[in-house]
Amino acid sequence: MDGKAMYRLSYGLFVVTAKEGDRDNGCITNTAGQVTTTPNRITLAVNKGNFTHDMILRTGEFNVSILSEQADFEIFKHFGFQSGRDVDKFADYKAAKRAGNGIYYITEGTNAYLSAKVAGTMDLGTHTLFLADVTDGEVLDGASSATYAYYQSSIKPAPQKKEEKKGWRCRICGYIYEGDVLPDDFVCPICKHGASDFEKI
Ligand SMILES: Cc1cc2nc3c(=O)[nH]c(=O)nc-3n(C[C@H](O)[C@H](O)[C@H](O)COP(=O)(O)O)c2cc1C
């Protein structure tokens, strides 16, 4: 199989947020999508290693802020390259407001948000697939939604030309694994994507 065929699938990009007691958190995902209109339902796949995953599993609620082409790389670094287990991502984060369900949504670099209640889960091994009812939503501005392809071409900084490192580069976040052979079960320590998302450099 040509693994590159998978890159032709088109995705949006989202900040998925949750709240458990006094704790707020969120992470970047590319895996939210509407699956039925009546009832209005979405699915969302979240890696079990993500703190946000555990919060959603325990509370049964989350918001999806839809990233637009106005989003800068800082949002991806803030929500996608560090874990709420290590930092409080909302401690000094100004560009967020609480939706009716009390969970934060992101107000800059986003064009809408949805609130959702988990209706079912499926264990996918590395991830949990959440099936959820959309309970609320609001359009924030008219900017176009960012696709994964747009993130790759126009948001993520281009790799440094002078880079001397050899090995494998994560196509998602740019992390470099130095070594000739990338183990099949390797998981990026920064963005948690697997070996299939690495390219030889
Ligand atoms: C562009 C991009 C796309 C990502 N897509 C997903 C995804 O679809 N599912 C997922 O579980 N993690 C995804 N991640 C990784 C999480 O955002 C990342 O591991 C985050 O640090 C987890 O934070 P948490 O532990 O606070 O929940 C993505 C990261 C980036 C930068």
# chains A, B, ... in the order shown; residues from 1 in each chain; ligands from 1
>>> select_by_dssp(residues="chain A", states="helix (DSSP H, G or I)", output="MDAnalysis selection string")
chainID A and resid 3:8 51:59 73:80 148:155 195:197
>>> write_last_selection(atoms="N, CA and C atoms", output="short mmCIF file (atom, residue, chain, number, x, y, z; two decimals), in the first residue's frame")
data_model
loop_
_atom_site.label_atom_id
_atom_site.label_comp_id
_atom_site.auth_asym_id
_atom_site.auth_seq_id
_atom_site.Cartn_x
_atom_site.Cartn_y
_atom_site.Cartn_z
N GLY A 3 1.36 4.42 1.60
CA GLY A 3 0.95 5.07 2.84
C GLY A 3 0.58 6.53 2.63
N LYS A 4 1.13 7.13 1.57
CA LYS A 4 0.85 8.56 1.31
C LYS A 4 -0.61 8.78 0.92
N ALA A 5 -1.28 7.69 0.47
CA ALA A 5 -2.70 7.83 0.11
C ALA A 5 -3.50 8.33 1.31
N MET A 6 -3.06 7.93 2.52
CA MET A 6 -3.78 8.36 3.73
C MET A 6 -3.73 9.88 3.92
N TYR A 7 -2.63 10.49 3.41
CA TYR A 7 -2.50 11.95 3.57
C TYR A 7 -3.50 12.71 2.71
N ARG A 8 -4.14 12.03 1.76
CA ARG A 8 -5.12 12.72 0.90
C ARG A 8 -6.48 12.85 1.58
N PHE A 51 -4.35 13.94 28.59
CA PHE A 51 -5.06 14.29 29.82
C PHE A 51 -6.52 14.61 29.49
N THR A 52 -6.72 15.30 28.36
CA THR A 52 -8.08 15.67 27.94
C THR A 52 -8.95 14.40 27.77
N HIS A 53 -8.33 13.34 27.28
CA HIS A 53 -9.05 12.07 27.10
C HIS A 53 -9.68 11.62 28.42
N ASP A 54 -8.86 11.60 29.47
CA ASP A 54 -9.35 11.11 30.77
C ASP A 54 -10.45 12.01 31.31
N MET A 55 -10.29 13.33 31.10
CA MET A 55 -11.31 14.27 31.59
C MET A 55 -12.64 14.04 30.88
N ILE A 56 -12.60 13.83 29.57
CA ILE A 56 -13.85 13.61 28.82
C ILE A 56 -14.49 12.29 29.24
N LEU A 57 -13.64 11.27 29.41
CA LEU A 57 -14.16 9.95 29.81
C LEU A 57 -14.89 10.05 31.15
N ARG A 58 -14.32 10.84 32.07
CA ARG A 58 -14.91 10.92 33.42
C ARG A 58 -16.12 11.86 33.48
N THR A 59 -16.11 12.95 32.68
CA THR A 59 -17.18 13.94 32.81
C THR A 59 -18.28 13.79 31.75
N PHE A 73 0.73 29.46 14.90
CA PHE A 73 1.39 28.24 15.37
C PHE A 73 1.40 28.15 16.90
N GLU A 74 1.34 29.32 17.56
CA GLU A 74 1.36 29.34 19.03
C GLU A 74 0.21 28.52 19.62
N ILE A 75 -0.96 28.59 19.00
CA ILE A 75 -2.12 27.84 19.52
C ILE A 75 -1.83 26.34 19.47
N PHE A 76 -1.19 25.92 18.35
CA PHE A 76 -0.87 24.50 18.20
C PHE A 76 0.17 24.07 19.23
N LYS A 77 1.16 24.96 19.47
CA LYS A 77 2.18 24.63 20.47
C LYS A 77 1.55 24.57 21.86
N HIS A 78 0.70 25.56 22.14
CA HIS A 78 0.13 25.66 23.49
C HIS A 78 -0.77 24.46 23.82
N PHE A 79 -1.63 24.09 22.88
CA PHE A 79 -2.59 23.02 23.18
C PHE A 79 -2.16 21.65 22.66
N GLY A 80 -1.19 21.64 21.72
CA GLY A 80 -0.85 20.36 21.10
C GLY A 80 0.51 19.79 21.42
N TYR A 148 -6.14 20.30 7.73
CA TYR A 148 -4.83 19.75 8.09
C TYR A 148 -3.81 20.14 7.03
N ALA A 149 -4.22 20.13 5.74
CA ALA A 149 -3.31 20.50 4.65
C ALA A 149 -2.87 21.96 4.80
N TYR A 150 -3.81 22.82 5.22
CA TYR A 150 -3.47 24.25 5.39
C TYR A 150 -2.47 24.42 6.54
N TYR A 151 -2.69 23.63 7.61
CA TYR A 151 -1.73 23.66 8.74
C TYR A 151 -0.33 23.30 8.24
N GLN A 152 -0.26 22.23 7.43
CA GLN A 152 1.04 21.77 6.94
C GLN A 152 1.71 22.81 6.03
N SER A 153 0.90 23.45 5.16
CA SER A 153 1.50 24.35 4.16
C SER A 153 1.70 25.77 4.67
N SER A 154 0.83 26.24 5.58
CA SER A 154 0.84 27.68 5.87
C SER A 154 0.92 28.05 7.35
N ILE A 155 0.76 27.12 8.27
CA ILE A 155 0.82 27.48 9.69
C ILE A 155 2.09 26.94 10.33
N ALA A 195 4.48 6.17 14.03
CA ALA A 195 5.60 6.07 13.08
C ALA A 195 5.17 6.40 11.65
N SER A 196 3.91 6.12 11.28
CA SER A 196 3.49 6.36 9.89
C SER A 196 3.47 7.85 9.55
N ASP A 197 3.51 8.72 10.57
CA ASP A 197 3.52 10.16 10.30
C ASP A 197 4.93 10.74 10.28
#
>>> closest_atom_pairs(of="chain A", to="ligand 1", cutoff="6 Å", atoms="only C-alpha atoms and all ligand atoms", output="CSV")
residue,atom,partner,partner_atom_place_in_ligand_line,distance
A:Gly26,CA,ligand 1,26 (O),5.6
A:Cys27,CA,ligand 1,17 (O),4.2
A:Ile28,CA,ligand 1,17 (O),3.7
A:Thr29,CA,ligand 1,5 (N),3.4
A:Asn30,CA,ligand 1,8 (O),4.0
A:Thr31,CA,ligand 1,8 (O),4.5
A:Ala45,CA,ligand 1,9 (N),5.8
A:Val46,CA,ligand 1,11 (O),3.5
A:Asn47,CA,ligand 1,11 (O),3.5
A:Asn50,CA,ligand 1,25 (O),3.6
A:Phe51,CA,ligand 1,25 (O),3.8
A:Thr52,CA,ligand 1,27 (O),3.7
A:Phe76,CA,ligand 1,31 (C),5.3
A:Phe79,CA,ligand 1,20 (C),5.9
A:Gly80,CA,ligand 1,17 (O),3.5
A:Phe81,CA,ligand 1,21 (O),4.4
A:Gln82,CA,ligand 1,21 (O),4.1
A:Ser83,CA,ligand 1,26 (O),3.5
A:Gly84,CA,ligand 1,26 (O),3.6
A:Ile172,CA,ligand 1,1 (C),5.5
A:Cys173,CA,ligand 1,31 (C),5.6
A:Cys191,CA,ligand 1,15 (C),4.3
A:Lys192,CA,ligand 1,19 (O),5.0
>>> write_last_selection(atoms="N, CA, C and O atoms", output="short mmCIF file (atom, residue, chain, number, x, y, z; two decimals), in the first residue's frame")
data_model
loop_
_atom_site.label_atom_id
_atom_site.label_comp_id
_atom_site.auth_asym_id
_atom_site.auth_seq_id
_atom_site.Cartn_x
_atom_site.Cartn_y
_atom_site.Cartn_z
N GLY A 26 -7.32 21.37 27.55
CA GLY A 26 -7.70 21.18 26.15
C GLY A 26 -6.53 20.67 25.35
O GLY A 26 -5.38 20.79 25.76
N CYS A 27 -6.83 20.06 24.21
CA CYS A 27 -5.76 19.58 23.32
C CYS A 27 -6.20 19.74 21.87
O CYS A 27 -7.38 19.89 21.57
N ILE A 28 -5.20 19.73 20.99
CA ILE A 28 -5.49 19.82 19.55
C ILE A 28 -5.88 18.44 19.05
O ILE A 28 -5.24 17.43 19.41
N THR A 29 -6.90 18.38 18.21
CA THR A 29 -7.18 17.13 17.49
C THR A 29 -7.55 17.46 16.04
O THR A 29 -7.90 18.60 15.72
N ASN A 30 -7.46 16.45 15.21
CA ASN A 30 -7.93 16.59 13.83
C ASN A 30 -9.07 15.61 13.56
O ASN A 30 -9.41 15.35 12.41
N THR A 31 -9.64 15.08 14.63
CA THR A 31 -10.52 13.92 14.43
C THR A 31 -11.96 14.16 14.82
O THR A 31 -12.66 13.22 15.19
N ALA A 45 -11.96 11.25 18.09
CA ALA A 45 -11.01 10.24 18.56
C ALA A 45 -9.91 10.93 19.34
O ALA A 45 -9.28 11.86 18.84
N VAL A 46 -9.69 10.48 20.57
CA VAL A 46 -8.65 11.10 21.42
C VAL A 46 -7.72 10.02 21.94
O VAL A 46 -8.17 8.97 22.42
N ASN A 47 -6.43 10.30 21.84
CA ASN A 47 -5.40 9.37 22.31
C ASN A 47 -5.54 9.17 23.82
O ASN A 47 -5.71 10.13 24.56
N ASN A 50 -3.64 11.30 26.34
CA ASN A 50 -3.94 12.71 26.55
C ASN A 50 -4.73 12.91 27.85
O ASN A 50 -5.68 12.18 28.12
N PHE A 51 -4.35 13.94 28.59
CA PHE A 51 -5.06 14.29 29.82
C PHE A 51 -6.52 14.61 29.49
O PHE A 51 -7.44 14.23 30.21
N THR A 52 -6.72 15.30 28.36
CA THR A 52 -8.08 15.67 27.94
C THR A 52 -8.95 14.40 27.77
O THR A 52 -10.15 14.42 28.07
N PHE A 76 -1.19 25.92 18.35
CA PHE A 76 -0.87 24.50 18.20
C PHE A 76 0.17 24.07 19.23
O PHE A 76 0.08 22.99 19.80
N PHE A 79 -1.63 24.09 22.88
CA PHE A 79 -2.59 23.02 23.18
C PHE A 79 -2.16 21.65 22.66
O PHE A 79 -2.70 20.63 23.10
N GLY A 80 -1.19 21.64 21.72
CA GLY A 80 -0.85 20.36 21.10
C GLY A 80 0.51 19.79 21.42
O GLY A 80 0.76 18.62 21.19
N PHE A 81 1.40 20.63 21.96
CA PHE A 81 2.77 20.14 22.21
C PHE A 81 3.10 20.03 23.69
O PHE A 81 4.26 19.84 24.04
N GLN A 82 2.13 20.22 24.54
CA GLN A 82 2.37 20.06 25.98
C GLN A 82 1.10 19.48 26.59
O GLN A 82 0.01 19.64 26.05
N SER A 83 1.28 18.82 27.74
CA SER A 83 0.14 18.15 28.35
C SER A 83 -0.34 18.88 29.60
O SER A 83 0.46 19.41 30.37
N GLY A 84 -1.66 18.83 29.79
CA GLY A 84 -2.27 19.38 30.99
C GLY A 84 -1.82 18.64 32.25
O GLY A 84 -2.05 19.11 33.36
N ILE A 172 3.89 16.07 11.63
CA ILE A 172 2.87 16.85 12.33
C ILE A 172 3.48 18.02 13.10
O ILE A 172 3.01 19.15 13.01
N CYS A 173 4.56 17.75 13.86
CA CYS A 173 5.08 18.82 14.72
C CYS A 173 6.54 19.14 14.45
O CYS A 173 7.06 20.10 15.00
N CYS A 191 3.77 15.27 19.90
CA CYS A 191 2.36 15.36 19.48
C CYS A 191 1.64 14.02 19.48
O CYS A 191 0.47 13.95 19.10
N LYS A 192 2.34 12.95 19.89
CA LYS A 192 1.72 11.63 20.07
C LYS A 192 1.28 10.95 18.77
O LYS A 192 0.49 10.02 18.79
#
>>> select_by_dssp(residues="range 119-197 of chain A", states="strand (DSSP E or B)", output="PyMOL selection string")
chain A and resi 119-123+127-139+145+147+168-170+176-177+187+194
>>> write_last_selection(atoms="N, CA and C atoms", output="compact mmCIF listing (two decimals), in the first residue's frame")
# COMPACT_ATOMS: atom_id res chain seq x y z
N ALA A 119 -22.41 10.27 24.10
CA ALA A 119 -23.53 9.33 24.04
C ALA A 119 -23.03 7.90 24.01
N GLY A 120 -21.76 7.71 23.68
CA GLY A 120 -21.20 6.35 23.63
C GLY A 120 -19.71 6.41 23.37
N THR A 121 -19.01 5.32 23.68
CA THR A 121 -17.57 5.28 23.43
C THR A 121 -17.21 3.95 22.77
N MET A 122 -16.11 3.96 22.03
CA MET A 122 -15.59 2.72 21.46
C MET A 122 -14.08 2.70 21.72
N ASP A 123 -13.60 1.57 22.26
CA ASP A 123 -12.18 1.44 22.55
C ASP A 123 -11.45 1.10 21.25
N HIS A 127 -6.61 4.86 21.04
CA HIS A 127 -7.53 6.00 21.20
C HIS A 127 -8.89 5.51 21.73
N THR A 128 -9.67 6.45 22.24
CA THR A 128 -11.10 6.20 22.46
C THR A 128 -11.86 7.03 21.44
N LEU A 129 -12.85 6.39 20.82
CA LEU A 129 -13.74 7.13 19.92
C LEU A 129 -14.97 7.53 20.72
N PHE A 130 -15.20 8.84 20.81
CA PHE A 130 -16.38 9.34 21.51
C PHE A 130 -17.46 9.67 20.47
N LEU A 131 -18.66 9.14 20.70
CA LEU A 131 -19.83 9.54 19.92
C LEU A 131 -20.59 10.51 20.81
N ALA A 132 -20.93 11.68 20.28
CA ALA A 132 -21.50 12.70 21.18
C ALA A 132 -22.63 13.49 20.52
N ASP A 133 -23.61 13.86 21.34
CA ASP A 133 -24.70 14.73 20.90
C ASP A 133 -24.25 16.18 20.96
N VAL A 134 -24.48 16.92 19.89
CA VAL A 134 -24.17 18.36 19.91
C VAL A 134 -25.31 19.05 20.65
N THR A 135 -24.96 19.76 21.72
CA THR A 135 -26.00 20.39 22.56
C THR A 135 -26.07 21.90 22.37
N ASP A 136 -25.03 22.48 21.79
CA ASP A 136 -25.00 23.93 21.59
C ASP A 136 -23.90 24.27 20.59
N GLY A 137 -23.90 25.49 20.12
CA GLY A 137 -22.86 25.90 19.19
C GLY A 137 -23.04 27.35 18.80
N GLU A 138 -21.95 27.98 18.39
CA GLU A 138 -22.03 29.40 18.01
C GLU A 138 -20.96 29.71 16.98
N VAL A 139 -21.34 30.50 15.97
CA VAL A 139 -20.35 30.96 14.99
C VAL A 139 -19.65 32.19 15.58
N SER A 145 -12.35 27.69 7.85
CA SER A 145 -11.81 26.67 8.76
C SER A 145 -10.45 26.20 8.25
N THR A 147 -7.77 23.50 7.40
CA THR A 147 -7.67 22.06 7.16
C THR A 147 -6.28 21.60 7.62
N TRP A 168 14.54 10.81 11.31
CA TRP A 168 13.15 10.82 10.90
C TRP A 168 12.47 12.05 11.49
N ARG A 169 11.69 12.79 10.64
CA ARG A 169 11.00 13.97 11.12
C ARG A 169 9.50 13.74 11.19
N CYS A 170 8.90 14.14 12.32
CA CYS A 170 7.44 14.04 12.46
C CYS A 170 6.81 15.08 11.54
N ILE A 176 12.35 15.57 15.66
CA ILE A 176 13.28 14.72 14.92
C ILE A 176 13.78 13.56 15.77
N TYR A 177 13.61 12.35 15.23
CA TYR A 177 14.14 11.14 15.85
C TYR A 177 15.48 10.88 15.17
N VAL A 187 6.12 6.43 19.01
CA VAL A 187 5.09 7.47 19.15
C VAL A 187 5.80 8.79 19.42
N GLY A 194 1.98 8.53 15.43
CA GLY A 194 2.75 7.30 15.31
C GLY A 194 3.78 7.32 14.18
>>> atom_distance(atom1="CA of Tyr104 in chain A", atom2="CA of Tyr11 in chain A")
22.7 Å
>>> closest_residue(among="A:Asp141, A:Glu69, A:Asp24, A:Glu108", to="Lys89 in chain A", atoms="only C-alpha atoms")
A:Asp24
>>> closest_residue(among="A:Ala91, A:Ile103, A:Val15, A:Ala32", to="Glu61 in chain A", atoms="only C-alpha atoms")
A:Ile103
>>> closest_residue(among="A:Thr17, A:Asp180, A:Thr110, A:Gly125", to="Lys48 in chain A", atoms="only C-alpha atoms")
A:Gly125
>>> closest_residue(among="A:Tyr175, A:Ala146, A:Gly33, A:Leu44", to="Leu124 in chain A", atoms="only C-alpha atoms")
A:Leu44
>>> residues_around(residues="Ile106 in chain A", least_positions_apart="4", cutoff="10 Å", atoms="only C-alpha atoms", output="list in words")
Phe14, Val15, Val16, Thr17, Gly26, Asn63, Val64, Ser65, Ile66, Leu67, Ile75, Tyr93, Lys94, Ala95, Ala96, Lys97, Arg98, Ala99, Thr110, Asn111, Ala112, Tyr113 and Leu140 of chain A
>>> atom_distance(atom1="CA of Asn25 in chain A", atom2="CA of Gly174 in chain A")
23.5 Å
>>> decode(residues="range 63-200 of chain A", atoms="C-alpha atoms", output="mmCIF file, in the first residue's frame")
data_model
loop_
_atom_site.group_PDB
_atom_site.id
_atom_site.type_symbol
_atom_site.label_atom_id
_atom_site.label_comp_id
_atom_site.auth_asym_id
_atom_site.auth_seq_id
_atom_site.Cartn_x
_atom_site.Cartn_y
_atom_site.Cartn_z
ATOM 1 C CA ASN A 63 -16.357 21.562 23.600
ATOM 2 C CA VAL A 64 -14.856 21.615 20.116
ATOM 3 C CA SER A 65 -13.411 24.982 19.024
ATOM 4 C CA ILE A 66 -12.960 24.946 15.252
ATOM 5 C CA LEU A 67 -9.578 26.378 14.249
ATOM 6 C CA SER A 68 -9.561 28.827 11.337
ATOM 7 C CA GLU A 69 -6.910 29.953 8.887
ATOM 8 C CA GLN A 70 -6.285 32.869 11.278
ATOM 9 C CA ALA A 71 -4.852 30.495 13.899
ATOM 10 C CA ASP A 72 -1.138 30.916 14.505
ATOM 11 C CA PHE A 73 1.393 28.240 15.368
ATOM 12 C CA GLU A 74 1.358 29.336 19.034
ATOM 13 C CA ILE A 75 -2.119 27.840 19.521
ATOM 14 C CA PHE A 76 -0.870 24.499 18.199
ATOM 15 C CA LYS A 77 2.180 24.632 20.470
ATOM 16 C CA HIS A 78 0.130 25.661 23.486
ATOM 17 C CA PHE A 79 -2.594 23.017 23.176
ATOM 18 C CA GLY A 80 -0.850 20.355 21.096
ATOM 19 C CA PHE A 81 2.769 20.144 22.210
ATOM 20 C CA GLN A 82 2.372 20.057 25.980
ATOM 21 C CA SER A 83 0.137 18.153 28.352
ATOM 22 C CA GLY A 84 -2.269 19.377 30.995
ATOM 23 C CA ARG A 85 -0.636 16.800 33.249
ATOM 24 C CA ASP A 86 2.445 19.064 33.313
ATOM 25 C CA VAL A 87 1.053 22.581 32.879
ATOM 26 C CA ASP A 88 -2.178 24.477 33.444
ATOM 27 C CA LYS A 89 -2.919 25.526 29.861
ATOM 28 C CA PHE A 90 -5.605 27.984 30.966
ATOM 29 C CA ALA A 91 -3.673 29.627 33.826
ATOM 30 C CA ASP A 92 -2.802 32.749 31.805
ATOM 31 C CA TYR A 93 -4.739 32.047 28.639
ATOM 32 C CA LYS A 94 -6.768 35.126 27.741
ATOM 33 C CA ALA A 95 -8.436 34.049 24.474
ATOM 34 C CA ALA A 96 -11.090 31.810 26.036
ATOM 35 C CA LYS A 97 -14.644 32.121 27.323
ATOM 36 C CA ARG A 98 -16.954 29.691 29.056
ATOM 37 C CA ALA A 99 -19.821 28.204 27.064
ATOM 38 C CA GLY A 100 -23.236 27.432 28.587
ATOM 39 C CA ASN A 101 -21.924 24.054 29.816
ATOM 40 C CA GLY A 102 -19.196 25.825 31.840
ATOM 41 C CA ILE A 103 -16.383 24.499 29.620
ATOM 42 C CA TYR A 104 -13.974 26.915 27.940
ATOM 43 C CA TYR A 105 -13.978 27.523 24.199
ATOM 44 C CA ILE A 106 -11.243 29.364 22.329
ATOM 45 C CA THR A 107 -12.078 32.834 20.994
ATOM 46 C CA GLU A 108 -9.044 33.644 18.798
ATOM 47 C CA GLY A 109 -7.937 31.690 15.733
ATOM 48 C CA THR A 110 -11.294 29.902 15.769
ATOM 49 C CA ASN A 111 -14.466 30.486 13.758
ATOM 50 C CA ALA A 112 -17.044 28.526 15.806
ATOM 51 C CA TYR A 113 -17.447 26.192 18.729
ATOM 52 C CA LEU A 114 -19.694 23.236 19.512
ATOM 53 C CA SER A 115 -20.664 21.846 22.888
ATOM 54 C CA ALA A 116 -21.174 18.099 23.109
ATOM 55 C CA LYS A 117 -22.341 15.382 25.498
ATOM 56 C CA VAL A 118 -20.923 11.869 25.158
ATOM 57 C CA ALA A 119 -23.533 9.329 24.038
ATOM 58 C CA GLY A 120 -21.205 6.346 23.633
ATOM 59 C CA THR A 121 -17.572 5.281 23.427
ATOM 60 C CA MET A 122 -15.587 2.721 21.463
ATOM 61 C CA ASP A 123 -12.177 1.442 22.550
ATOM 62 C CA LEU A 124 -9.839 1.777 19.553
ATOM 63 C CA GLY A 125 -6.693 0.553 21.307
ATOM 64 C CA THR A 126 -4.511 3.663 21.300
ATOM 65 C CA HIS A 127 -7.533 5.995 21.201
ATOM 66 C CA THR A 128 -11.099 6.201 22.464
ATOM 67 C CA LEU A 129 -13.736 7.128 19.916
ATOM 68 C CA PHE A 130 -16.383 9.343 21.509
ATOM 69 C CA LEU A 131 -19.828 9.539 19.922
ATOM 70 C CA ALA A 132 -21.500 12.700 21.177
ATOM 71 C CA ASP A 133 -24.698 14.733 20.897
ATOM 72 C CA VAL A 134 -24.170 18.361 19.907
ATOM 73 C CA THR A 135 -25.995 20.389 22.564
ATOM 74 C CA ASP A 136 -25.002 23.932 21.589
ATOM 75 C CA GLY A 137 -22.856 25.901 19.186
ATOM 76 C CA GLU A 138 -22.028 29.401 18.015
ATOM 77 C CA VAL A 139 -20.348 30.962 14.991
ATOM 78 C CA LEU A 140 -17.536 33.314 16.113
ATOM 79 C CA ASP A 141 -16.368 34.825 12.831
ATOM 80 C CA GLY A 142 -16.321 34.380 9.071
ATOM 81 C CA ALA A 143 -12.759 33.094 8.594
ATOM 82 C CA SER A 144 -12.338 29.810 6.699
ATOM 83 C CA SER A 145 -11.805 26.668 8.763
ATOM 84 C CA ALA A 146 -8.209 25.437 8.786
ATOM 85 C CA THR A 147 -7.666 22.059 7.160
ATOM 86 C CA TYR A 148 -4.834 19.748 8.089
ATOM 87 C CA ALA A 149 -3.306 20.501 4.655
ATOM 88 C CA TYR A 150 -3.467 24.246 5.395
ATOM 89 C CA TYR A 151 -1.728 23.664 8.735
ATOM 90 C CA GLN A 152 1.040 21.768 6.938
ATOM 91 C CA SER A 153 1.501 24.351 4.163
ATOM 92 C CA SER A 154 0.840 27.676 5.875
ATOM 93 C CA ILE A 155 0.820 27.483 9.694
ATOM 94 C CA LYS A 156 3.561 25.047 10.680
ATOM 95 C CA PRO A 157 6.995 26.711 10.262
ATOM 96 C CA ALA A 158 9.082 25.318 7.393
ATOM 97 C CA PRO A 159 11.949 23.066 8.569
ATOM 98 C CA GLN A 160 15.284 24.883 8.980
ATOM 99 C CA LYS A 161 17.326 24.510 5.792
ATOM 100 C CA LYS A 162 20.605 24.443 7.722
ATOM 101 C CA GLU A 163 19.472 21.532 9.855
ATOM 102 C CA GLU A 164 22.240 18.959 9.947
ATOM 103 C CA LYS A 165 20.301 16.293 11.801
ATOM 104 C CA LYS A 166 19.687 12.920 10.173
ATOM 105 C CA GLY A 167 16.935 10.510 11.011
ATOM 106 C CA TRP A 168 13.146 10.823 10.897
ATOM 107 C CA ARG A 169 11.004 13.975 11.120
ATOM 108 C CA CYS A 170 7.441 14.040 12.458
ATOM 109 C CA ARG A 171 5.283 15.540 9.712
ATOM 110 C CA ILE A 172 2.867 16.854 12.326
ATOM 111 C CA CYS A 173 5.075 18.819 14.717
ATOM 112 C CA GLY A 174 8.617 18.645 13.307
ATOM 113 C CA TYR A 175 10.148 16.535 16.123
ATOM 114 C CA ILE A 176 13.282 14.719 14.916
ATOM 115 C CA TYR A 177 14.141 11.142 15.851
ATOM 116 C CA GLU A 178 17.867 10.683 15.392
ATOM 117 C CA GLY A 179 18.606 7.163 14.207
ATOM 118 C CA ASP A 180 18.580 5.077 11.057
ATOM 119 C CA VAL A 181 15.675 2.818 11.938
ATOM 120 C CA LEU A 182 12.453 4.208 13.328
ATOM 121 C CA PRO A 183 10.697 1.524 15.407
ATOM 122 C CA ASP A 184 7.234 0.625 14.031
ATOM 123 C CA ASP A 185 5.619 1.332 17.394
ATOM 124 C CA PHE A 186 7.370 4.698 17.855
ATOM 125 C CA VAL A 187 5.093 7.467 19.151
ATOM 126 C CA CYS A 188 6.110 11.124 18.817
ATOM 127 C CA PRO A 189 6.891 12.419 22.337
ATOM 128 C CA ILE A 190 5.627 15.885 21.372
ATOM 129 C CA CYS A 191 2.362 15.358 19.484
ATOM 130 C CA LYS A 192 1.719 11.635 20.068
ATOM 131 C CA HIS A 193 1.450 10.707 16.374
ATOM 132 C CA GLY A 194 2.754 7.295 15.306
ATOM 133 C CA ALA A 195 5.596 6.068 13.084
ATOM 134 C CA SER A 196 3.491 6.360 9.893
ATOM 135 C CA ASP A 197 3.515 10.159 10.303
ATOM 136 C CA PHE A 198 7.340 10.328 10.193
ATOM 137 C CA GLU A 199 9.407 11.002 7.068
ATOM 138 C CA LYS A 200 13.062 10.129 6.511
#
